[in-house]
file upload.cif (mmCIF, C-alpha atoms)
data_coords
#
loop_
_atom_site.group_PDB
_atom_site.id
_atom_site.type_symbol
_atom_site.label_atom_id
_atom_site.label_comp_id
_atom_site.auth_asym_id
_atom_site.auth_seq_id
_atom_site.Cartn_x
_atom_site.Cartn_y
_atom_site.Cartn_z
ATOM 1 C CA MET A 46 -15.099 39.921 2.792
ATOM 2 C CA ALA A 47 -15.504 36.535 4.447
ATOM 3 C CA THR A 48 -16.130 33.487 2.286
ATOM 4 C CA ASP A 49 -18.635 30.778 3.138
ATOM 5 C CA PRO A 50 -16.674 27.585 3.884
ATOM 6 C CA ALA A 51 -17.140 24.250 2.158
ATOM 7 C CA LEU A 52 -15.783 20.753 2.698
ATOM 8 C CA ILE A 53 -15.987 17.582 0.599
ATOM 9 C CA VAL A 54 -14.458 14.222 1.516
ATOM 10 C CA HIS A 55 -14.259 10.830 -0.190
ATOM 11 C CA GLY A 56 -13.506 7.350 1.026
ATOM 12 C CA GLY A 57 -12.662 5.461 -2.140
ATOM 13 C CA ALA A 58 -14.273 4.456 -5.446
ATOM 14 C CA TRP A 59 -14.931 0.762 -6.062
ATOM 15 C CA ALA A 60 -17.603 -1.948 -6.219
ATOM 16 C CA MET A 61 -18.454 -1.589 -2.538
ATOM 17 C CA PRO A 62 -20.592 -4.509 -1.284
ATOM 18 C CA ASP A 63 -23.897 -3.780 0.421
ATOM 19 C CA ASP A 64 -22.674 -4.874 3.843
ATOM 20 C CA MET A 65 -19.927 -2.210 3.816
ATOM 21 C CA VAL A 66 -22.047 0.770 2.805
ATOM 22 C CA GLU A 67 -23.103 1.798 6.305
ATOM 23 C CA ALA A 68 -19.536 1.774 7.657
ATOM 24 C CA HIS A 69 -18.313 3.872 4.738
ATOM 25 C CA ILE A 70 -21.058 6.462 5.080
ATOM 26 C CA ARG A 71 -20.470 6.645 8.820
ATOM 27 C CA GLY A 72 -16.736 7.044 8.213
ATOM 28 C CA VAL A 73 -17.002 9.905 5.727
ATOM 29 C CA ARG A 74 -19.593 11.642 7.911
ATOM 30 C CA ASN A 75 -17.229 11.434 10.893
ATOM 31 C CA ALA A 76 -14.449 12.950 8.801
ATOM 32 C CA LEU A 77 -16.791 15.691 7.597
ATOM 33 C CA THR A 78 -17.792 16.552 11.166
ATOM 34 C CA VAL A 79 -14.207 16.955 12.340
ATOM 35 C CA GLY A 80 -13.079 18.908 9.283
ATOM 36 C CA TRP A 81 -16.103 21.191 9.437
ATOM 37 C CA ARG A 82 -15.446 21.971 13.080
ATOM 38 C CA VAL A 83 -12.107 23.441 11.974
ATOM 39 C CA LEU A 84 -13.687 25.568 9.231
ATOM 40 C CA ASP A 85 -16.633 26.664 11.356
ATOM 41 C CA GLY A 86 -14.224 27.894 14.001
ATOM 42 C CA GLY A 87 -12.388 30.052 11.485
ATOM 43 C CA GLY A 88 -9.575 27.571 10.886
ATOM 44 C CA SER A 89 -7.716 27.127 7.631
ATOM 45 C CA ALA A 90 -8.658 24.860 4.746
ATOM 46 C CA LEU A 91 -5.261 23.211 5.194
ATOM 47 C CA ASP A 92 -6.039 22.294 8.804
ATOM 48 C CA ALA A 93 -9.513 21.098 7.825
ATOM 49 C CA VAL A 94 -8.361 18.635 5.163
ATOM 50 C CA GLU A 95 -5.600 17.331 7.411
ATOM 51 C CA GLU A 96 -7.970 16.638 10.288
ATOM 52 C CA ALA A 97 -10.624 15.099 8.034
ATOM 53 C CA VAL A 98 -8.097 12.728 6.487
ATOM 54 C CA VAL A 99 -6.682 11.754 9.896
ATOM 55 C CA VAL A 100 -10.159 10.582 10.919
ATOM 56 C CA MET A 101 -10.295 8.264 7.899
ATOM 57 C CA GLU A 102 -6.713 7.073 8.387
ATOM 58 C CA ASP A 103 -7.738 6.034 11.905
ATOM 59 C CA ASP A 104 -10.868 4.250 10.654
ATOM 60 C CA GLU A 105 -10.136 0.633 9.690
ATOM 61 C CA THR A 106 -12.981 0.774 7.164
ATOM 62 C CA PHE A 107 -10.721 2.566 4.696
ATOM 63 C CA ASP A 108 -7.522 1.762 2.814
ATOM 64 C CA ALA A 109 -5.482 4.396 4.639
ATOM 65 C CA GLY A 110 -3.504 4.150 7.858
ATOM 66 C CA ARG A 111 -4.322 1.172 10.083
ATOM 67 C CA GLY A 112 -6.334 -1.448 8.234
ATOM 68 C CA SER A 113 -4.812 -0.708 4.819
ATOM 69 C CA PHE A 114 -4.305 -3.325 2.143
ATOM 70 C CA LEU A 115 -1.141 -5.381 2.465
ATOM 71 C CA ASN A 116 1.498 -5.475 -0.218
ATOM 72 C CA ARG A 117 2.839 -8.667 -1.756
ATOM 73 C CA ASP A 118 5.157 -9.195 1.243
ATOM 74 C CA GLY A 119 2.364 -8.768 3.776
ATOM 75 C CA LYS A 120 3.319 -5.254 4.888
ATOM 76 C CA VAL A 121 1.457 -1.955 4.955
ATOM 77 C CA GLN A 122 3.074 0.789 2.851
ATOM 78 C CA LEU A 123 1.385 4.181 2.961
ATOM 79 C CA ASP A 124 1.387 7.298 0.752
ATOM 80 C CA ALA A 125 -0.086 10.763 1.378
ATOM 81 C CA LEU A 126 -0.001 14.319 0.059
ATOM 82 C CA ILE A 127 -1.387 17.636 1.282
ATOM 83 C CA MET A 128 -1.372 20.902 -0.690
ATOM 84 C CA ASP A 129 -2.107 24.547 0.116
ATOM 85 C CA GLY A 130 -3.869 26.429 -2.685
ATOM 86 C CA ALA A 131 -2.812 29.832 -1.360
ATOM 87 C CA THR A 132 0.938 29.223 -1.620
ATOM 88 C CA LEU A 133 1.199 26.082 -3.798
ATOM 89 C CA ARG A 134 3.259 24.552 -1.034
ATOM 90 C CA ALA A 135 2.826 20.806 -0.707
ATOM 91 C CA GLY A 136 4.133 17.916 1.350
ATOM 92 C CA GLY A 137 4.113 14.262 0.430
ATOM 93 C CA VAL A 138 5.324 10.919 1.743
ATOM 94 C CA GLY A 139 5.598 7.621 -0.105
ATOM 95 C CA CYS A 140 6.114 3.977 0.861
ATOM 96 C CA VAL A 141 6.223 4.669 4.587
ATOM 97 C CA GLU A 142 5.783 1.707 6.912
ATOM 98 C CA ARG A 143 5.969 3.220 10.406
ATOM 99 C CA LEU A 144 3.557 6.162 10.309
ATOM 100 C CA ARG A 145 0.044 5.716 11.662
ATOM 101 C CA ASN A 146 -1.055 9.008 10.092
ATOM 102 C CA PRO A 147 1.048 9.753 7.008
ATOM 103 C CA VAL A 148 -0.895 12.949 6.318
ATOM 104 C CA ARG A 149 0.547 14.350 9.568
ATOM 105 C CA ALA A 150 4.053 13.787 8.233
ATOM 106 C CA ALA A 151 3.072 15.281 4.882
ATOM 107 C CA ARG A 152 1.854 18.409 6.674
ATOM 108 C CA LYS A 153 5.172 18.716 8.502
ATOM 109 C CA ILE A 154 6.998 18.542 5.184
ATOM 110 C CA LEU A 155 4.769 21.288 3.783
ATOM 111 C CA SER A 156 5.337 23.576 6.752
ATOM 112 C CA ASP A 157 8.890 22.761 7.840
ATOM 113 C CA SER A 158 10.830 21.649 4.760
ATOM 114 C CA PRO A 159 11.957 23.320 1.523
ATOM 115 C CA HIS A 160 11.317 19.985 -0.159
ATOM 116 C CA VAL A 161 7.992 18.588 -1.335
ATOM 117 C CA TYR A 162 8.485 14.850 -1.052
ATOM 118 C CA PHE A 163 10.156 12.238 1.154
ATOM 119 C CA VAL A 164 9.964 8.466 0.768
ATOM 120 C CA GLY A 165 10.593 5.359 2.849
ATOM 121 C CA GLU A 166 13.036 5.586 5.726
ATOM 122 C CA GLY A 167 13.914 9.180 4.879
ATOM 123 C CA ALA A 168 10.291 10.204 5.304
ATOM 124 C CA GLU A 169 10.044 8.356 8.591
ATOM 125 C CA ARG A 170 13.242 9.959 9.848
ATOM 126 C CA PHE A 171 11.994 13.431 8.892
ATOM 127 C CA ALA A 172 8.677 12.770 10.622
ATOM 128 C CA ALA A 173 10.333 11.585 13.832
ATOM 129 C CA GLU A 174 12.663 14.592 13.862
ATOM 130 C CA HIS A 175 9.622 16.864 13.609
ATOM 131 C CA GLY A 176 7.557 15.353 16.383
ATOM 132 C CA VAL A 177 5.501 12.745 14.536
ATOM 133 C CA ALA A 178 5.563 9.493 16.479
ATOM 134 C CA LEU A 179 6.598 6.312 14.701
ATOM 135 C CA CYS A 180 4.907 2.951 15.152
ATOM 136 C CA GLU A 181 5.678 -0.632 14.224
ATOM 137 C CA ASN A 182 4.376 -1.884 10.890
ATOM 138 C CA ALA A 183 2.575 -4.641 12.768
ATOM 139 C CA ASP A 184 0.495 -1.937 14.478
ATOM 140 C CA LEU A 185 -1.012 -1.061 11.085
ATOM 141 C CA ILE A 186 -1.944 -4.635 10.128
ATOM 142 C CA ILE A 187 -5.329 -6.127 10.987
ATOM 143 C CA SER A 188 -6.501 -9.725 10.667
ATOM 144 C CA ARG A 189 -9.098 -8.853 8.007
ATOM 145 C CA GLU A 190 -6.358 -7.758 5.623
ATOM 146 C CA VAL A 191 -4.114 -10.734 6.365
ATOM 147 C CA ALA A 192 -6.989 -13.006 5.359
ATOM 148 C CA ARG A 193 -7.832 -10.862 2.336
ATOM 149 C CA LEU A 194 -4.270 -11.002 1.026
ATOM 150 C CA ARG A 195 -4.029 -14.761 1.525
ATOM 151 C CA GLU A 196 -7.325 -15.334 -0.289
ATOM 152 C CA TYR A 197 -6.402 -13.025 -3.142
ATOM 153 C CA GLN A 198 -2.990 -14.588 -3.685
ATOM 154 C CA ILE A 199 -4.494 -18.074 -3.827
ATOM 155 C CA GLU A 200 -7.177 -16.993 -6.305
ATOM 156 C CA ALA A 201 -4.790 -14.939 -8.431
ATOM 157 C CA ALA A 202 -2.372 -17.830 -8.724
ATOM 158 C CA GLY A 203 -5.092 -20.016 -10.190
ATOM 159 C CA GLN A 204 -7.122 -17.510 -12.223
ATOM 160 C CA GLY A 205 -4.878 -14.569 -12.997
ATOM 161 C CA ASP A 206 -7.327 -12.062 -11.476
ATOM 162 C CA ASP A 207 -6.982 -8.442 -12.507
ATOM 163 C CA LEU A 208 -5.477 -6.591 -9.555
ATOM 164 C CA PHE A 209 -6.953 -3.312 -10.769
ATOM 165 C CA ALA A 210 -10.482 -4.518 -11.491
ATOM 166 C CA PRO A 211 -13.077 -2.183 -9.946
ATOM 167 C CA THR A 212 -14.352 -5.063 -7.812
ATOM 168 C CA ILE A 213 -11.082 -4.832 -5.877
ATOM 169 C CA SER A 214 -11.305 -2.073 -3.287
ATOM 170 C CA HIS A 215 -9.696 1.304 -3.867
ATOM 171 C CA ASP A 216 -10.505 2.897 -0.522
ATOM 172 C CA THR A 217 -8.117 5.820 -0.922
ATOM 173 C CA VAL A 218 -9.329 8.736 1.201
ATOM 174 C CA GLY A 219 -9.240 12.446 0.454
ATOM 175 C CA ALA A 220 -10.603 15.874 1.296
ATOM 176 C CA VAL A 221 -10.894 19.312 -0.299
ATOM 177 C CA ALA A 222 -11.841 22.451 1.608
ATOM 178 C CA LEU A 223 -12.528 26.179 1.276
ATOM 179 C CA ASP A 224 -12.078 28.375 4.350
ATOM 180 C CA ARG A 225 -13.507 31.741 5.399
ATOM 181 C CA ASN A 226 -10.448 33.540 4.035
ATOM 182 C CA GLY A 227 -11.115 32.191 0.541
ATOM 183 C CA ASN A 228 -8.222 29.722 0.531
ATOM 184 C CA ILE A 229 -8.545 26.141 -0.667
ATOM 185 C CA ALA A 230 -6.576 22.989 0.130
ATOM 186 C CA ALA A 231 -6.546 19.281 -0.670
ATOM 187 C CA ALA A 232 -5.226 16.086 0.902
ATOM 188 C CA THR A 233 -5.153 12.439 -0.191
ATOM 189 C CA SER A 234 -3.966 9.350 1.693
ATOM 190 C CA THR A 235 -3.835 5.655 0.819
ATOM 191 C CA GLY A 236 -2.482 2.213 1.551
ATOM 192 C CA GLY A 237 -2.390 1.523 -2.167
ATOM 193 C CA THR A 238 -3.590 -1.573 -3.968
ATOM 194 C CA LEU A 239 -3.959 -5.071 -2.598
ATOM 195 C CA ASN A 240 -0.907 -7.306 -3.211
ATOM 196 C CA LYS A 241 1.070 -4.444 -4.763
ATOM 197 C CA ALA A 242 4.775 -4.895 -5.369
ATOM 198 C CA PRO A 243 6.862 -3.513 -2.481
ATOM 199 C CA GLY A 244 7.884 0.041 -3.321
ATOM 200 C CA ARG A 245 5.027 0.598 -5.774
ATOM 201 C CA LEU A 246 3.742 4.172 -5.640
ATOM 202 C CA GLY A 247 0.282 5.102 -6.870
ATOM 203 C CA ASP A 248 -1.257 8.422 -7.818
ATOM 204 C CA SER A 249 -2.528 9.462 -4.396
ATOM 205 C CA SER A 250 0.572 11.168 -3.076
ATOM 206 C CA LEU A 251 1.891 12.519 -6.380
ATOM 207 C CA ILE A 252 1.300 16.227 -6.821
ATOM 208 C CA GLY A 253 -1.132 16.904 -9.650
ATOM 209 C CA CYS A 254 -2.061 13.249 -10.023
ATOM 210 C CA GLY A 255 -4.043 12.216 -6.975
ATOM 211 C CA CYS A 256 -4.055 15.586 -5.257
ATOM 212 C CA TYR A 257 -3.784 19.262 -6.207
ATOM 213 C CA ALA A 258 -4.825 22.694 -4.945
ATOM 214 C CA ASP A 259 -4.452 26.193 -6.390
ATOM 215 C CA ASN A 260 -6.472 29.250 -5.362
ATOM 216 C CA LEU A 261 -6.481 30.313 -9.021
ATOM 217 C CA SER A 262 -8.314 27.169 -10.120
ATOM 218 C CA ALA A 263 -9.498 24.483 -7.693
ATOM 219 C CA ALA A 264 -8.655 21.743 -5.209
ATOM 220 C CA ALA A 265 -9.011 18.097 -6.215
ATOM 221 C CA SER A 266 -8.522 14.610 -4.783
ATOM 222 C CA THR A 267 -8.809 11.405 -6.798
ATOM 223 C CA THR A 268 -9.284 7.718 -6.063
ATOM 224 C CA GLY A 269 -9.169 4.585 -8.177
ATOM 225 C CA TRP A 270 -6.707 2.825 -10.452
ATOM 226 C CA GLY A 271 -3.545 4.827 -9.911
ATOM 227 C CA GLU A 272 -1.510 4.076 -13.011
ATOM 228 C CA PRO A 273 -3.922 5.663 -15.555
ATOM 229 C CA ILE A 274 -4.586 8.575 -13.190
ATOM 230 C CA MET A 275 -0.840 9.246 -12.998
ATOM 231 C CA LYS A 276 -0.420 9.131 -16.762
ATOM 232 C CA LEU A 277 -3.096 11.798 -17.197
ATOM 233 C CA VAL A 278 -2.002 13.939 -14.202
ATOM 234 C CA LEU A 279 -5.726 13.920 -13.567
ATOM 235 C CA ALA A 280 -6.100 16.205 -10.540
ATOM 236 C CA LYS A 281 -4.177 19.038 -12.226
ATOM 237 C CA TRP A 282 -5.953 18.343 -15.529
ATOM 238 C CA THR A 283 -9.289 18.825 -13.780
ATOM 239 C CA CYS A 284 -8.200 22.017 -12.034
ATOM 240 C CA ASP A 285 -7.002 23.422 -15.361
ATOM 241 C CA ARG A 286 -10.461 22.851 -16.825
ATOM 242 C CA ILE A 287 -11.930 24.911 -14.010
ATOM 243 C CA ALA A 288 -9.355 27.669 -14.521
ATOM 244 C CA ALA A 289 -10.522 27.752 -18.150
ATOM 245 C CA GLY A 290 -14.080 28.515 -17.017
ATOM 246 C CA ASN A 291 -15.762 25.139 -16.520
ATOM 247 C CA LEU A 292 -17.863 24.522 -13.431
ATOM 248 C CA PRO A 293 -16.460 21.918 -11.004
ATOM 249 C CA GLU A 294 -19.505 19.681 -11.481
ATOM 250 C CA TRP A 295 -18.816 19.417 -15.198
ATOM 251 C CA ALA A 296 -15.049 19.259 -14.820
ATOM 252 C CA ALA A 297 -15.357 16.295 -12.443
ATOM 253 C CA GLN A 298 -17.566 14.417 -14.888
ATOM 254 C CA GLU A 299 -15.291 15.314 -17.777
ATOM 255 C CA ALA A 300 -12.250 14.023 -15.889
ATOM 256 C CA ILE A 301 -13.814 10.632 -15.209
ATOM 257 C CA ASN A 302 -14.970 10.373 -18.831
ATOM 258 C CA TYR A 303 -11.451 11.270 -19.997
ATOM 259 C CA LEU A 304 -9.953 8.624 -17.700
ATOM 260 C CA LYS A 305 -12.214 5.968 -19.191
ATOM 261 C CA GLN A 306 -11.965 7.022 -22.837
ATOM 262 C CA ARG A 307 -8.238 7.692 -22.967
ATOM 263 C CA LEU A 308 -6.858 4.808 -20.890
ATOM 264 C CA ASN A 309 -9.850 2.660 -19.915
ATOM 265 C CA GLY A 310 -9.217 3.677 -16.316
ATOM 266 C CA HIS A 311 -11.749 3.824 -13.520
ATOM 267 C CA GLY A 312 -12.026 5.838 -10.347
ATOM 268 C CA GLY A 313 -13.532 8.895 -8.751
ATOM 269 C CA ILE A 314 -12.805 12.541 -8.000
ATOM 270 C CA ILE A 315 -13.908 15.375 -5.746
ATOM 271 C CA VAL A 316 -13.163 18.961 -6.752
ATOM 272 C CA LEU A 317 -13.889 22.378 -5.214
ATOM 273 C CA ASP A 318 -13.309 25.908 -6.510
ATOM 274 C CA PRO A 319 -12.673 29.119 -4.502
ATOM 275 C CA LYS A 320 -16.311 30.186 -4.988
ATOM 276 C CA GLY A 321 -17.561 27.129 -3.152
ATOM 277 C CA HIS A 322 -18.798 25.252 -6.205
ATOM 278 C CA PHE A 323 -17.920 21.576 -6.127
ATOM 279 C CA GLY A 324 -18.136 18.421 -8.200
ATOM 280 C CA ILE A 325 -18.225 14.725 -7.344
ATOM 281 C CA ALA A 326 -18.002 11.980 -9.965
ATOM 282 C CA HIS A 327 -17.018 8.327 -10.251
ATOM 283 C CA SER A 328 -17.124 5.531 -12.809
ATOM 284 C CA THR A 329 -17.096 2.681 -10.294
ATOM 285 C CA PRO A 330 -20.354 1.256 -8.927
ATOM 286 C CA ARG A 331 -19.947 3.174 -5.687
ATOM 287 C CA MET A 332 -17.786 5.844 -4.037
ATOM 288 C CA ALA A 333 -18.161 6.961 -0.445
ATOM 289 C CA TRP A 334 -18.464 10.760 -0.233
ATOM 290 C CA ALA A 335 -19.787 13.529 1.980
ATOM 291 C CA SER A 336 -20.146 17.288 1.492
ATOM 292 C CA LYS A 337 -21.039 20.236 3.665
ATOM 293 C CA THR A 338 -21.659 23.943 3.126
ATOM 294 C CA ILE A 339 -23.479 26.460 5.299
ATOM 295 C CA HIS A 340 -26.621 25.584 3.354
ATOM 296 C CA ASN A 341 -26.513 21.819 2.997
ATOM 297 C CA GLU A 342 -24.960 18.547 4.168
ATOM 298 C CA GLU A 343 -25.071 15.266 2.250
ATOM 299 C CA ALA A 344 -23.407 11.862 2.196
ATOM 300 C CA GLY A 345 -23.751 8.777 0.048
ATOM 301 C CA VAL A 346 -22.055 6.079 -1.996
ATOM 302 C CA GLU A 347 -23.476 6.910 -5.411
ATOM 303 C CA ARG A 348 -22.833 10.090 -7.358
ATOM 304 C CA GLY A 349 -22.377 8.727 -10.855
ATOM 305 C CA ILE A 350 -22.025 10.410 -14.201
#
call {"tool": "encode", "arguments": {"input": "upload.cif", "output": "structure tokens"}}
result
Amino acid sequence: MATDPALIVHGGAWAMPDDMVEAHIRGVRNALTVGWRVLDGGGSALDAVEEAVVVMEDDETFDAGRGSFLNRDGKVQLDALIMDGATLRAGGVGCVERLRNPVRAARKILSDSPHVYFVGEGAERFAAEHGVALCENADLIISREVARLREYQIEAAGQGDDLFAPTISHDTVGAVALDRNGNIAAATSTGGTLNKAPGRLGDSSLIGCGCYADNLSAAASTTGWGEPIMKLVLAKWTCDRIAAGNLPEWAAQEAINYLKQRLNGHGGIIVLDPKGHFGIAHSTPRMAWASKTIHNEEAGVERGI
């Protein structure tokens, strides 16, 4: 029996200023359109989340792919993970500097490697050997982020600003999908935090932390302050709540409450179960999101708890 498809995407949880709302909503809607086209044509959830995330990696609005935050040395370092709920196979890359679409490389690892994770030059070498074109790091850097880094470093030197305050953007992108065959998948991609130490890895590309998918529970993608999310293995934690019988809507809210209460962390999450039920929650002022089923399509920047 065919299953009705569903797709949810997010574009980061943070204190998004008013003048950036329209671009974020447009960006997540564009990702939703492309991912839904895959599902509507009978394609797999895995293909749908990959294509949706690629759209956001290519959109300079978000902290993923070109236009990402710069690290302390003024470079872009990218992380991504994609996971198949039917097989529990996953592929991830970390700290890559020459991949325009790191989720493409992550997908190649999932499909063509016995391993789950590659980092740095090894990830780039694997990608190139499997047909993913490399670029120069300079191709990923835009003037907006050069200016942002310079301004932040000057202010931080004088005031000791909190790098992980919710007013600092966390535009990690992600997608979760359910296809007509009843399989679910998830993908998450990020440029990480502004002014991060070179080599720093956040939650986004770590299996079970920023991304997880299992047909026996749910698919989830998180965004926000990575260190607390990692410590709680939050994506897997949320999926386990759903496996125990909780609805995704409640599990998403519970996860964000747990993040705040346990470690004073902040962020957002999208989660989807194999029945097509989904949840969206965030503790930051805004989080760009969009959802689509055969019955309804929505997008916004507020879906609080």
call {"tool": "resolve_selection", "arguments": {"input": "upload.cif", "expression": "the PyMOL selection byres ((chain A and resi 263) around 12)", "output": "PyMOL selection string"}}
result
chain A and resi 128-131+133+221-223+227-231+253+256-262+264-266+280-294+296-297+315-324
call {"tool": "write_last_selection", "arguments": {"input": "upload.cif", "atoms": "C-alpha atoms", "output": "PDB file, keeping the file's coordinate frame"}}
result
ATOM      1  CA  MET A 128      -1.372  20.902  -0.690  1.00  0.00           C
ATOM      2  CA  ASP A 129      -2.107  24.547   0.116  1.00  0.00           C
ATOM      3  CA  GLY A 130      -3.869  26.429  -2.685  1.00  0.00           C
ATOM      4  CA  ALA A 131      -2.812  29.832  -1.360  1.00  0.00           C
ATOM      5  CA  LEU A 133       1.199  26.082  -3.798  1.00  0.00           C
ATOM      6  CA  VAL A 221     -10.894  19.312  -0.299  1.00  0.00           C
ATOM      7  CA  ALA A 222     -11.841  22.451   1.608  1.00  0.00           C
ATOM      8  CA  LEU A 223     -12.528  26.179   1.276  1.00  0.00           C
ATOM      9  CA  GLY A 227     -11.115  32.191   0.541  1.00  0.00           C
ATOM     10  CA  ASN A 228      -8.222  29.722   0.531  1.00  0.00           C
ATOM     11  CA  ILE A 229      -8.545  26.141  -0.667  1.00  0.00           C
ATOM     12  CA  ALA A 230      -6.576  22.989   0.130  1.00  0.00           C
ATOM     13  CA  ALA A 231      -6.546  19.281  -0.670  1.00  0.00           C
ATOM     14  CA  GLY A 253      -1.132  16.904  -9.650  1.00  0.00           C
ATOM     15  CA  CYS A 256      -4.055  15.586  -5.257  1.00  0.00           C
ATOM     16  CA  TYR A 257      -3.784  19.262  -6.207  1.00  0.00           C
ATOM     17  CA  ALA A 258      -4.825  22.694  -4.945  1.00  0.00           C
ATOM     18  CA  ASP A 259      -4.452  26.193  -6.390  1.00  0.00           C
ATOM     19  CA  ASN A 260      -6.472  29.250  -5.362  1.00  0.00           C
ATOM     20  CA  LEU A 261      -6.481  30.313  -9.021  1.00  0.00           C
ATOM     21  CA  SER A 262      -8.314  27.169 -10.120  1.00  0.00           C
ATOM     22  CA  ALA A 264      -8.655  21.743  -5.209  1.00  0.00           C
ATOM     23  CA  ALA A 265      -9.011  18.097  -6.215  1.00  0.00           C
ATOM     24  CA  SER A 266      -8.522  14.610  -4.783  1.00  0.00           C
ATOM     25  CA  ALA A 280      -6.100  16.205 -10.540  1.00  0.00           C
ATOM     26  CA  LYS A 281      -4.177  19.038 -12.226  1.00  0.00           C
ATOM     27  CA  TRP A 282      -5.953  18.343 -15.529  1.00  0.00           C
ATOM     28  CA  THR A 283      -9.289  18.825 -13.780  1.00  0.00           C
ATOM     29  CA  CYS A 284      -8.200  22.017 -12.034  1.00  0.00           C
ATOM     30  CA  ASP A 285      -7.002  23.422 -15.361  1.00  0.00           C
ATOM     31  CA  ARG A 286     -10.461  22.851 -16.825  1.00  0.00           C
ATOM     32  CA  ILE A 287     -11.930  24.911 -14.010  1.00  0.00           C
ATOM     33  CA  ALA A 288      -9.355  27.669 -14.521  1.00  0.00           C
ATOM     34  CA  ALA A 289     -10.522  27.752 -18.150  1.00  0.00           C
ATOM     35  CA  GLY A 290     -14.080  28.515 -17.017  1.00  0.00           C
ATOM     36  CA  ASN A 291     -15.762  25.139 -16.520  1.00  0.00           C
ATOM     37  CA  LEU A 292     -17.863  24.522 -13.431  1.00  0.00           C
ATOM     38  CA  PRO A 293     -16.460  21.918 -11.004  1.00  0.00           C
ATOM     39  CA  GLU A 294     -19.505  19.681 -11.481  1.00  0.00           C
ATOM     40  CA  ALA A 296     -15.049  19.259 -14.820  1.00  0.00           C
ATOM     41  CA  ALA A 297     -15.357  16.295 -12.443  1.00  0.00           C
ATOM     42  CA  ILE A 315     -13.908  15.375  -5.746  1.00  0.00           C
ATOM     43  CA  VAL A 316     -13.163  18.961  -6.752  1.00  0.00           C
ATOM     44  CA  LEU A 317     -13.889  22.378  -5.214  1.00  0.00           C
ATOM     45  CA  ASP A 318     -13.309  25.908  -6.510  1.00  0.00           C
ATOM     46  CA  PRO A 319     -12.673  29.119  -4.502  1.00  0.00           C
ATOM     47  CA  LYS A 320     -16.311  30.186  -4.988  1.00  0.00           C
ATOM     48  CA  GLY A 321     -17.561  27.129  -3.152  1.00  0.00           C
ATOM     49  CA  HIS A 322     -18.798  25.252  -6.205  1.00  0.00           C
ATOM     50  CA  PHE A 323     -17.920  21.576  -6.127  1.00  0.00           C
ATOM     51  CA  GLY A 324     -18.136  18.421  -8.200  1.00  0.00           C
TER      52      GLY A 324
END
call {"tool": "resolve_selection", "arguments": {"input": "upload.cif", "expression": "the PyMOL selection byres ((chain A and resi 89) around 8)", "output": "NGL selection string"}}
result
:A and (83-84 or 87-88 or 90-93 or 224-226 or 228)
call {"tool": "closest_atom_pairs", "arguments": {"input": "upload.cif", "of": "region 228-345 of chain A", "to": "region 51-54 of chain A", "cutoff": "7 Å", "atoms": "all atoms listed in the file", "output": "tab-separated table"}}
result
residue	atom	partner	partner_atom	distance
A:Gly321	CA	A:Ala51	CA	6.1
A:Trp334	CA	A:Val54	CA	5.6
A:Ala335	CA	A:Val54	CA	5.4
A:Ser336	CA	A:Ile53	CA	4.3
A:Lys337	CA	A:Leu52	CA	5.4
A:Thr338	CA	A:Ala51	CA	4.6
call {"tool": "write_last_selection", "arguments": {"input": "upload.cif", "atoms": "C-alpha atoms", "output": "PDB file, keeping the file's coordinate frame"}}
result
ATOM      1  CA  GLY A 321     -17.561  27.129  -3.152  1.00  0.00           C
ATOM      2  CA  TRP A 334     -18.464  10.760  -0.233  1.00  0.00           C
ATOM      3  CA  ALA A 335     -19.787  13.529   1.980  1.00  0.00           C
ATOM      4  CA  SER A 336     -20.146  17.288   1.492  1.00  0.00           C
ATOM      5  CA  LYS A 337     -21.039  20.236   3.665  1.00  0.00           C
ATOM      6  CA  THR A 338     -21.659  23.943   3.126  1.00  0.00           C
TER       7      THR A 338
END
call {"tool": "residues_around", "arguments": {"input": "upload.cif", "residues": "Ala109 (chain A)", "least_positions_apart": "5", "cutoff": "6 Å", "atoms": "all atoms listed in the file", "output": "MDAnalysis selection string"}}
result
chainID A and resid 102 234:236
call {"tool": "write_last_selection", "arguments": {"input": "upload.cif", "atoms": "C-alpha atoms", "output": "PDB file, in the coordinates of the input"}}
result
ATOM      1  CA  GLU A 102      -6.713   7.073   8.387  1.00  0.00           C
ATOM      2  CA  SER A 234      -3.966   9.350   1.693  1.00  0.00           C
ATOM      3  CA  THR A 235      -3.835   5.655   0.819  1.00  0.00           C
ATOM      4  CA  GLY A 236      -2.482   2.213   1.551  1.00  0.00           C
TER       5      GLY A 236
END
call {"tool": "residues_around", "arguments": {"input": "upload.cif", "residues": "Glu105 (chain A)", "least_positions_apart": "4", "cutoff": "10 Å", "atoms": "only C-alpha atoms", "output": "MDAnalysis selection string"}}
result
chainID A and resid 68 72 101 109:113 185:187 189
call {"tool": "closest_residue", "arguments": {"input": "upload.cif", "among": "A:His69, A:Lys153, A:Lys120, A:Arg82", "to": "Leu239 (chain A)", "atoms": "all atoms listed in the file"}}
result
A:Lys120
call {"tool": "atom_distance", "arguments": {"input": "upload.cif", "atom1": "CA of Leu194 (chain A)", "atom2": "CA of Asp108 (chain A)"}}
result
13.3 Å
call {"tool": "residues_around", "arguments": {"input": "upload.cif", "residues": "Lys241 (chain A)", "least_positions_apart": "6", "cutoff": "12 Å", "atoms": "all atoms listed in the file", "output": "ChimeraX atom specification"}}
result
/A:113-123,140,194,197-198,207-209,247,271
call {"tool": "residues_near_point", "arguments": {"input": "upload.cif", "point": "(1.8, 13.0, 7.9)", "cutoff": "8 Å", "atoms": "only C-alpha atoms", "output": "short mmCIF file (atom, residue, chain, number, x, y, z; two decimals) with C-alpha atoms, in the frame of the given file"}}
result
data_model
loop_
_atom_site.label_atom_id
_atom_site.label_comp_id
_atom_site.auth_asym_id
_atom_site.auth_seq_id
_atom_site.Cartn_x
_atom_site.Cartn_y
_atom_site.Cartn_z
CA ALA A 125 -0.09 10.76 1.38
CA GLY A 137 4.11 14.26 0.43
CA VAL A 138 5.32 10.92 1.74
CA LEU A 144 3.56 6.16 10.31
CA ASN A 146 -1.06 9.01 10.09
CA PRO A 147 1.05 9.75 7.01
CA VAL A 148 -0.90 12.95 6.32
CA ARG A 149 0.55 14.35 9.57
CA ALA A 150 4.05 13.79 8.23
CA ALA A 151 3.07 15.28 4.88
CA ARG A 152 1.85 18.41 6.67
CA LYS A 153 5.17 18.72 8.50
CA ALA A 172 8.68 12.77 10.62
CA VAL A 177 5.50 12.74 14.54
#
